[in-house]
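Listing of model-v7.txt, compact mmCIF, C-alpha atoms and all ligand atoms
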```
# COMPACT_ATOMS: atom_id res chain seq x y z
CA MET F 1114 -117.75 88.99 56.70
CA VAL F 1115 -116.52 90.25 60.07
CA LEU F 1116 -117.80 93.80 60.36
CA GLY F 1117 -117.48 96.13 63.33
CA ALA F 1118 -116.44 99.44 64.77
CA HIS F 1119 -114.13 101.28 67.08
CA VAL F 1120 -116.28 101.68 70.19
CA SER F 1121 -116.02 103.50 73.48
CA ALA F 1122 -114.68 101.75 76.56
CA SER F 1123 -115.56 104.59 78.87
CA GLY F 1124 -116.72 103.55 82.30
CA GLY F 1125 -114.65 100.35 82.01
CA ILE F 1126 -113.49 98.09 79.18
CA HIS F 1127 -116.44 95.71 79.79
CA ASN F 1128 -118.76 98.44 78.45
CA SER F 1129 -117.13 98.17 75.02
CA ILE F 1130 -118.72 94.76 74.52
CA LYS F 1131 -122.20 96.16 75.16
CA ASN F 1132 -121.46 99.07 72.84
CA GLY F 1133 -120.40 96.63 70.14
CA ASP F 1134 -123.41 94.38 70.70
CA ASP F 1135 -125.77 97.35 70.42
CA LEU F 1136 -124.34 97.99 66.96
CA LYS F 1137 -124.49 94.26 66.04
CA CYS F 1138 -120.73 94.18 65.57
CA ASP F 1139 -118.88 90.97 64.72
CA ALA F 1140 -115.65 92.65 65.88
CA ILE F 1141 -114.71 95.75 67.84
CA GLN F 1142 -111.67 97.92 68.36
CA ILE F 1143 -110.99 99.70 71.66
CA PHE F 1144 -108.41 101.71 73.55
CA LEU F 1145 -107.15 99.99 76.70
CA ALA F 1146 -106.04 103.34 78.11
CA ASN F 1147 -106.79 107.03 77.62
CA PRO F 1148 -105.29 107.67 74.14
CA ASN F 1149 -104.17 111.18 75.07
CA ARG F 1150 -102.35 110.42 78.32
CA TRP F 1151 -99.13 108.60 79.14
CA GLU F 1152 -100.47 107.14 82.37
CA SER F 1153 -103.93 105.68 82.88
CA LYS F 1154 -105.30 103.77 85.80
CA PRO F 1155 -105.26 100.12 84.71
CA PRO F 1156 -108.55 98.19 84.85
CA THR F 1157 -109.14 96.32 88.11
CA GLU F 1158 -109.32 92.54 88.23
CA GLU F 1159 -113.07 92.84 88.63
CA ILE F 1160 -113.41 94.93 85.46
CA ILE F 1161 -111.22 92.49 83.53
CA GLU F 1162 -113.43 89.63 84.66
CA LYS F 1163 -116.57 91.53 83.65
CA PHE F 1164 -114.98 92.17 80.26
CA SER F 1165 -114.16 88.47 79.76
CA ASP F 1166 -117.65 87.39 80.84
CA ALA F 1167 -119.33 89.93 78.57
CA TRP F 1168 -117.14 88.90 75.62
CA ASN F 1169 -117.90 85.21 76.23
CA ASP F 1170 -121.62 85.93 76.22
CA SER F 1171 -121.42 88.06 73.08
CA PRO F 1172 -121.37 87.09 69.39
CA ILE F 1173 -118.35 89.41 68.99
CA GLN F 1174 -115.52 87.30 67.55
CA ASP F 1175 -112.60 89.68 67.64
CA VAL F 1176 -111.49 92.47 69.93
CA ILE F 1177 -108.62 94.58 68.66
CA VAL F 1178 -106.74 97.14 70.74
CA HIS F 1179 -105.50 100.42 69.24
CA ASP F 1180 -102.33 102.04 70.57
CA ILE F 1181 -102.63 105.47 72.24
CA HIS F 1182 -102.16 108.64 70.15
CA LEU F 1183 -99.06 109.88 72.02
CA SER F 1184 -97.02 106.77 71.31
CA ASN F 1185 -93.91 107.12 69.13
CA LEU F 1186 -91.72 104.04 69.19
CA ALA F 1187 -89.63 105.51 66.34
CA SER F 1188 -88.81 108.75 68.15
CA PRO F 1189 -85.25 110.08 68.26
CA LYS F 1190 -86.13 111.71 71.62
CA LYS F 1191 -85.07 109.55 74.53
CA ASP F 1192 -87.82 110.61 76.94
CA VAL F 1193 -90.65 110.06 74.44
CA LEU F 1194 -89.15 106.74 73.37
CA GLU F 1195 -88.99 105.57 76.97
CA LYS F 1196 -92.55 106.66 77.79
CA SER F 1197 -93.82 105.06 74.58
CA PHE F 1198 -92.01 101.84 75.40
CA LEU F 1199 -93.31 101.59 78.96
CA GLN F 1200 -96.92 102.27 78.03
CA PHE F 1201 -96.72 99.85 75.11
CA LYS F 1202 -95.32 97.12 77.35
CA ARG F 1203 -98.17 97.64 79.84
CA MET F 1204 -100.68 97.54 76.98
CA MET F 1205 -99.24 94.29 75.61
CA GLU F 1206 -99.38 92.64 79.01
CA LEU F 1207 -102.94 93.84 79.56
CA ALA F 1208 -103.92 92.54 76.12
CA GLN F 1209 -102.43 89.16 77.05
CA ILE F 1210 -104.43 89.04 80.30
CA THR F 1211 -107.69 90.06 78.62
CA GLY F 1212 -107.29 87.57 75.77
CA VAL F 1213 -106.81 90.18 73.06
CA GLN F 1214 -104.46 88.96 70.34
CA HIS F 1215 -103.98 92.06 68.19
CA ILE F 1216 -102.69 95.55 68.94
CA VAL F 1217 -102.89 98.03 66.07
CA THR F 1218 -100.25 100.73 66.03
CA HIS F 1219 -99.04 103.45 63.70
CA LEU F 1220 -95.34 103.38 62.86
CA GLY F 1221 -94.47 106.65 64.59
CA ALA F 1222 -92.58 109.69 63.32
CA HIS F 1223 -88.86 110.17 62.71
CA LEU F 1224 -89.08 113.93 63.44
CA GLY F 1225 -86.47 114.88 60.87
CA GLU F 1226 -83.93 112.13 61.49
CA GLY F 1227 -84.94 110.38 58.26
CA GLU F 1228 -87.05 107.37 57.38
CA ALA F 1229 -84.24 104.82 57.59
CA PHE F 1230 -83.46 106.02 61.13
CA GLY F 1231 -87.13 105.85 62.16
CA ILE F 1232 -87.65 102.37 60.77
CA LYS F 1233 -84.54 101.06 62.55
CA GLN F 1234 -85.55 102.73 65.80
CA LEU F 1235 -89.06 101.28 65.57
CA CYS F 1236 -87.74 97.84 64.79
CA ASN F 1237 -85.42 97.96 67.83
CA SER F 1238 -88.31 99.09 70.05
CA PHE F 1239 -90.50 96.18 68.98
CA ASP F 1240 -87.72 93.62 69.32
CA GLU F 1241 -87.09 94.80 72.87
CA LEU F 1242 -90.84 94.75 73.59
CA PHE F 1243 -91.17 91.18 72.31
CA GLU F 1244 -88.18 90.13 74.41
CA THR F 1245 -89.09 91.84 77.68
CA SER F 1246 -92.89 91.80 77.89
CA ASP F 1247 -94.92 88.99 79.36
CA ALA F 1248 -97.27 88.80 76.38
CA PRO F 1249 -96.31 85.77 74.26
CA ASP F 1250 -99.63 85.56 72.38
CA VAL F 1251 -99.92 89.22 71.43
CA GLU F 1252 -99.24 90.23 67.84
CA ILE F 1253 -98.60 93.73 66.52
CA LEU F 1254 -100.57 94.98 63.53
CA LEU F 1255 -98.68 97.78 61.80
CA GLU F 1256 -101.18 100.24 60.36
CA THR F 1257 -100.76 101.89 56.97
CA THR F 1258 -100.71 105.65 57.54
CA ALA F 1259 -101.52 108.78 55.54
CA GLY F 1260 -97.96 110.04 56.07
CA GLN F 1261 -98.63 113.41 57.69
CA GLY F 1262 -95.51 115.33 58.70
CA THR F 1263 -92.64 112.91 59.33
CA ASN F 1264 -94.91 109.95 60.04
CA LEU F 1265 -93.70 106.61 58.74
CA GLY F 1266 -95.95 103.95 57.24
CA TYR F 1267 -97.36 105.68 54.16
CA ARG F 1268 -95.46 103.33 51.83
CA PHE F 1269 -96.04 99.58 51.94
CA GLU F 1270 -92.23 99.28 51.86
CA HIS F 1271 -91.98 100.85 55.34
CA LEU F 1272 -94.13 98.10 56.84
CA ARG F 1273 -92.26 95.44 54.88
CA ASP F 1274 -88.92 96.76 56.19
CA VAL F 1275 -89.99 96.86 59.85
CA ILE F 1276 -91.26 93.29 59.60
CA GLY F 1277 -88.28 92.13 57.58
CA MET F 1278 -85.66 93.66 59.89
CA SER F 1279 -87.23 92.35 63.08
CA LYS F 1280 -85.84 89.31 64.86
CA HIS F 1281 -89.47 88.41 65.56
CA SER F 1282 -91.12 88.80 62.15
CA GLY F 1283 -93.72 86.18 62.98
CA ARG F 1284 -95.30 88.48 65.54
CA PHE F 1285 -96.33 91.13 63.01
CA GLY F 1286 -99.40 91.57 60.90
CA VAL F 1287 -100.80 94.58 59.06
CA CYS F 1288 -103.92 96.70 59.40
CA LEU F 1289 -104.90 98.48 56.18
CA ASP F 1290 -106.75 101.78 56.67
CA THR F 1291 -108.66 102.70 53.51
CA CYS F 1292 -108.58 106.45 54.24
CA HIS F 1293 -104.86 106.40 54.97
CA VAL F 1294 -103.75 104.42 51.90
CA PHE F 1295 -105.91 106.66 49.69
CA ALA F 1296 -104.41 109.82 51.18
CA ALA F 1297 -100.96 108.27 50.83
CA GLY F 1298 -101.43 107.75 47.09
CA TYR F 1299 -102.75 104.21 46.68
CA ASP F 1300 -105.93 104.70 44.70
CA ILE F 1301 -108.96 102.53 45.52
CA ARG F 1302 -111.78 104.52 43.91
CA THR F 1303 -112.62 101.91 41.26
CA GLU F 1304 -112.52 98.14 41.06
CA SER F 1305 -109.42 98.25 38.88
CA ASP F 1306 -107.74 100.68 41.32
CA CYS F 1307 -108.49 98.20 44.11
CA ASN F 1308 -107.06 95.34 42.06
CA SER F 1309 -103.82 97.20 41.50
CA THR F 1310 -103.50 98.44 45.10
CA PHE F 1311 -104.08 94.98 46.57
CA ASP F 1312 -101.70 93.48 44.00
CA LYS F 1313 -99.06 95.94 45.18
CA PHE F 1314 -99.79 95.09 48.81
CA ASP F 1315 -99.44 91.40 48.03
CA GLU F 1316 -96.21 91.90 46.12
CA ILE F 1317 -94.54 94.14 48.71
CA ILE F 1318 -95.90 92.88 52.05
CA GLY F 1319 -97.91 89.74 51.26
CA LEU F 1320 -101.68 89.42 51.72
CA GLU F 1321 -101.11 86.71 54.35
CA ARG F 1322 -99.95 89.52 56.70
CA LEU F 1323 -103.26 91.39 56.36
CA LYS F 1324 -105.09 90.84 59.66
CA ALA F 1325 -107.45 93.84 59.93
CA PHE F 1326 -108.96 96.70 57.97
CA HIS F 1327 -109.94 100.18 59.06
CA ILE F 1328 -112.87 101.03 56.84
CA ASN F 1329 -113.05 104.82 56.58
CA ASP F 1330 -114.03 107.15 53.79
CA ALA F 1331 -111.72 110.15 53.33
CA LYS F 1332 -112.39 113.83 53.86
CA SER F 1333 -108.81 114.35 52.69
CA GLU F 1334 -107.89 114.35 49.01
CA TYR F 1335 -106.10 111.62 47.09
CA GLU F 1336 -102.31 111.81 47.67
CA SER F 1337 -102.77 114.68 50.13
CA ARG F 1338 -100.91 112.85 52.93
CA VAL F 1339 -103.58 114.26 55.25
CA ASP F 1340 -105.45 111.99 57.68
CA ARG F 1341 -109.12 112.97 57.92
CA HIS F 1342 -111.85 110.35 58.05
CA GLU F 1343 -115.33 110.77 56.58
CA HIS F 1344 -118.64 108.89 56.81
CA ILE F 1345 -118.98 105.91 54.46
CA GLY F 1346 -119.98 107.02 50.96
CA GLU F 1347 -119.71 110.72 51.78
CA GLY F 1348 -116.01 111.21 51.18
CA ASN F 1349 -113.52 111.23 48.33
CA ILE F 1350 -113.19 107.43 48.16
CA GLY F 1351 -116.84 106.57 47.55
CA THR F 1352 -118.57 103.22 47.90
CA ALA F 1353 -116.84 101.15 45.17
CA ALA F 1354 -113.81 100.43 47.39
CA PHE F 1355 -116.00 99.30 50.28
CA LYS F 1356 -118.14 97.14 48.01
CA TYR F 1357 -114.94 95.55 46.70
CA ILE F 1358 -113.55 94.77 50.17
CA LEU F 1359 -116.86 93.57 51.64
CA ASN F 1360 -117.47 91.10 48.82
CA ASP F 1361 -113.94 89.72 48.32
CA TYR F 1362 -113.63 86.16 49.65
CA ARG F 1363 -109.94 86.85 50.54
CA PHE F 1364 -111.13 89.26 53.22
CA ALA F 1365 -114.12 87.26 54.49
CA LYS F 1366 -112.52 86.40 57.85
CA ILE F 1367 -110.63 89.66 58.41
CA PRO F 1368 -112.14 92.18 60.87
CA LEU F 1369 -113.38 95.32 59.08
CA ILE F 1370 -113.50 98.14 61.62
CA ILE F 1371 -115.02 101.57 61.02
CA GLU F 1372 -113.35 104.60 62.62
CA THR F 1373 -115.65 107.16 61.06
CA PRO F 1374 -116.54 110.44 62.85
CA LYS F 1375 -119.15 110.89 65.60
CA MET F 1376 -119.07 107.31 66.84
CA ASN F 1377 -121.83 107.78 69.40
CA THR F 1378 -124.44 108.91 66.91
CA MET F 1379 -123.25 107.86 63.44
CA HIS F 1380 -121.78 104.35 63.75
CA GLY F 1381 -125.18 102.71 63.27
CA LYS F 1382 -125.81 104.55 60.01
CA ASN F 1383 -122.30 103.87 58.67
CA LEU F 1384 -122.58 100.15 59.45
CA THR F 1385 -126.00 100.01 57.78
CA THR F 1386 -124.51 101.65 54.68
CA LEU F 1387 -121.74 99.05 54.60
CA ARG F 1388 -124.14 96.11 55.10
CA SER F 1389 -126.19 97.40 52.15
CA LEU F 1390 -123.10 97.03 49.93
CA VAL F 1391 -122.83 93.28 50.52
CA ASN F 1392 -123.95 91.30 47.46
CA GLU F 1393 -126.83 88.89 47.94
CA THR F 1394 -125.63 85.36 47.40
ZN ZN F 1401 -107.08 103.62 61.31
ZN ZN F 1402 -106.76 108.06 60.47
```

What do you get writing this file as structure tokens?
Ligand SMILES: [Zn+2]
Ligand SMILES: [Zn+2]
Amino acid sequence: MVLGAHVSASGGIHNSIKNGDDLKCDAIQIFLANPNRWESKPPTEEIIEKFSDAWNDSPIQDVIVHDIHLSNLASPKKDVLEKSFLQFKRMMELAQITGVQHIVTHLGAHLGEGEAFGIKQLCNSFDELFETSDAPDVEILLETTAGQGTNLGYRFEHLRDVIGMSKHSGRFGVCLDTCHVFAAGYDIRTESDCNSTFDKFDEIIGLERLKAFHINDAKSEYESRVDRHEHIGEGNIGTAAFKYILNDYRFAKIPLIIETPKMNTMHGKNLTTLRSLVNET
């Protein structure tokens, strides 16, 4: 099992490793830039070196980067598309330099132009990113979304289509967010719900594409298409889904990242809850 959390990188990305170590994480997820701004000061060479040294000295196996919140690579608006593209290219190149292989991103929103338009736009954006960025080892993990507003990614078919239409399909994986799929209408509340949801995932996308999980309980209701995370075991999903994922050998090497609320005070408790759900062998 590779269990971890989204942790703060404030004060420099090297601090994220310490934050992860303090929580005994096997994997962490971070932002490489301020998620609410288009432009952030990039880390200095010194900070990047401190990050690499800290990671080398740490038991943390995987570091995953999450895209910024403003990003919309499916946007019909030229200015937003261009800003999203430029920041994403910088992020890919920084991931390459820091040795991070995976960037998790949502699929963006079509803003009324329709899902087919959004998927095509997104696919074009990624193809251009793969062809123009100096980041040959970086892979993109498309995240399943709750499907708020005109957001894409709430059907497994959306992810399948982006991957399938790309000229660089081999550079995509998928990150499954438990809160998002539940809110999107893929039930996971019982073991048999989990079986059928993962069967669907396998049939439509293929389990070999699954490279990360976001482990979040849901404050939002089933099929509500609303994205609100809750502490583990305190939301509408409940612990059966987490017990299922934590104990399934198919997921034993896949990073399981919590993005539950109040990360500075509650991550420890949520990780302890998850560890208690692992069967003794
Ligand atoms: Zn997520
Ligand atoms: Zn979410």

Kindly work out which residues sit at most 12 Å from ligand ZN 1401 (chain F), using all atoms listed in the file, and give the list as a VMD selection string.
chain F and resid 1118 to 1119 1142 to 1143 1177 to 1182 1216 to 1220 1254 to 1259 1266 1287 to 1294 1325 to 1331 1340 to 1343 1369 to 1374

Compile the contact shell of Phe1355 in chain F as a ChimeraX atom specification: residues with an atom at most 8 Å away, counting all atoms listed in the file, same-chain residues fewer than 2 positions apart removed.
/F:1328,1351-1353,1357-1359,1387,1390

Which distance in Å separates atom ZN of ligand ZN 1402 (chain F) and CA of Thr1385 in chain F, to one decimal?
21.0 Å

CA of Gly1125 in chain F to CA of Phe1164 in chain F measures 8.4 Å

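Near His1215 in chain F, within a cut-off of 6 Å and counting all atoms listed in the file, sit the residues Ile1177, Val1251, Glu1252 and Ile1253 of chain F, with same-chain residues fewer than 5 positions away left out.
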
Atom pair CA of Asp1134 in chain F + CA of Lys1324 in chain F, distance 21.7 Å

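With distances restricted to only C-alpha atoms and all ligand atoms, F:Gly1260 is the closest residue to ligand ZN 1402 (chain F) from F:Pro1189, F:Gly1225, F:Gly1260, F:Pro1148.
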
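Among F:Ala1354, F:Cys1138, F:Leu1384, F:Val1339, the residue with the shortest atom-to-atom distance to ligand ZN 1402 (chain F), counting all atoms listed in the file, is F:Val1339.
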
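Take the candidates F:Asn1308, F:Ser1333, F:Ser1188, F:Gln1234 and check each one against ligand ZN 1402 (chain F) using only C-alpha atoms and all ligand atoms; the shortest distance goes to F:Ser1333.
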
Test item: residues at most 12 Å from Gly1124 in chain F, all atoms listed in the file, excluding those fewer than 2 positions along its chain, as a PDB file with C-alpha atoms, in the frame of the given file:
```pdb
ATOM      1  CA  SER F1121    -116.020 103.500  73.480  1.00  0.00           C
ATOM      2  CA  ALA F1122    -114.680 101.750  76.560  1.00  0.00           C
ATOM      3  CA  ILE F1126    -113.490  98.090  79.180  1.00  0.00           C
ATOM      4  CA  HIS F1127    -116.440  95.710  79.790  1.00  0.00           C
ATOM      5  CA  ASN F1128    -118.760  98.440  78.450  1.00  0.00           C
ATOM      6  CA  SER F1129    -117.130  98.170  75.020  1.00  0.00           C
ATOM      7  CA  ILE F1130    -118.720  94.760  74.520  1.00  0.00           C
ATOM      8  CA  LYS F1131    -122.200  96.160  75.160  1.00  0.00           C
ATOM      9  CA  ASN F1132    -121.460  99.070  72.840  1.00  0.00           C
ATOM     10  CA  LEU F1145    -107.150  99.990  76.700  1.00  0.00           C
ATOM     11  CA  ALA F1146    -106.040 103.340  78.110  1.00  0.00           C
ATOM     12  CA  ASN F1147    -106.790 107.030  77.620  1.00  0.00           C
ATOM     13  CA  LYS F1154    -105.300 103.770  85.800  1.00  0.00           C
ATOM     14  CA  PRO F1156    -108.550  98.190  84.850  1.00  0.00           C
ATOM     15  CA  THR F1157    -109.140  96.320  88.110  1.00  0.00           C
ATOM     16  CA  ILE F1160    -113.410  94.930  85.460  1.00  0.00           C
ATOM     17  CA  PHE F1164    -114.980  92.170  80.260  1.00  0.00           C
TER      18      PHE F1164
END
```

Show which residues sit within 8 Å of Ser1246 in chain F, as a JSON list (two decimals) with C-alpha atoms, keeping the file's coordinate frame. Count all atoms listed in the file, and ignore same-chain residues fewer than 2 positions away.
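Writing done, so here's part_0.json:
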```json
[["chain", "number", "residue", "atom", "x", "y", "z"],
["F", 1202, "LYS", "CA", -95.32, 97.12, 77.35],
["F", 1205, "MET", "CA", -99.24, 94.29, 75.61],
["F", 1206, "GLU", "CA", -99.38, 92.64, 79.01],
["F", 1242, "LEU", "CA", -90.84, 94.75, 73.59],
["F", 1243, "PHE", "CA", -91.17, 91.18, 72.31],
["F", 1244, "GLU", "CA", -88.18, 90.13, 74.41],
["F", 1248, "ALA", "CA", -97.27, 88.80, 76.38],
["F", 1249, "PRO", "CA", -96.31, 85.77, 74.26]]
```

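Considering all atoms listed in the file, the residue among F:Cys1236, F:Ala1297, F:Val1115, F:Ala1140 positioned nearest to ligand ZN 1402 (chain F) is F:Ala1297.
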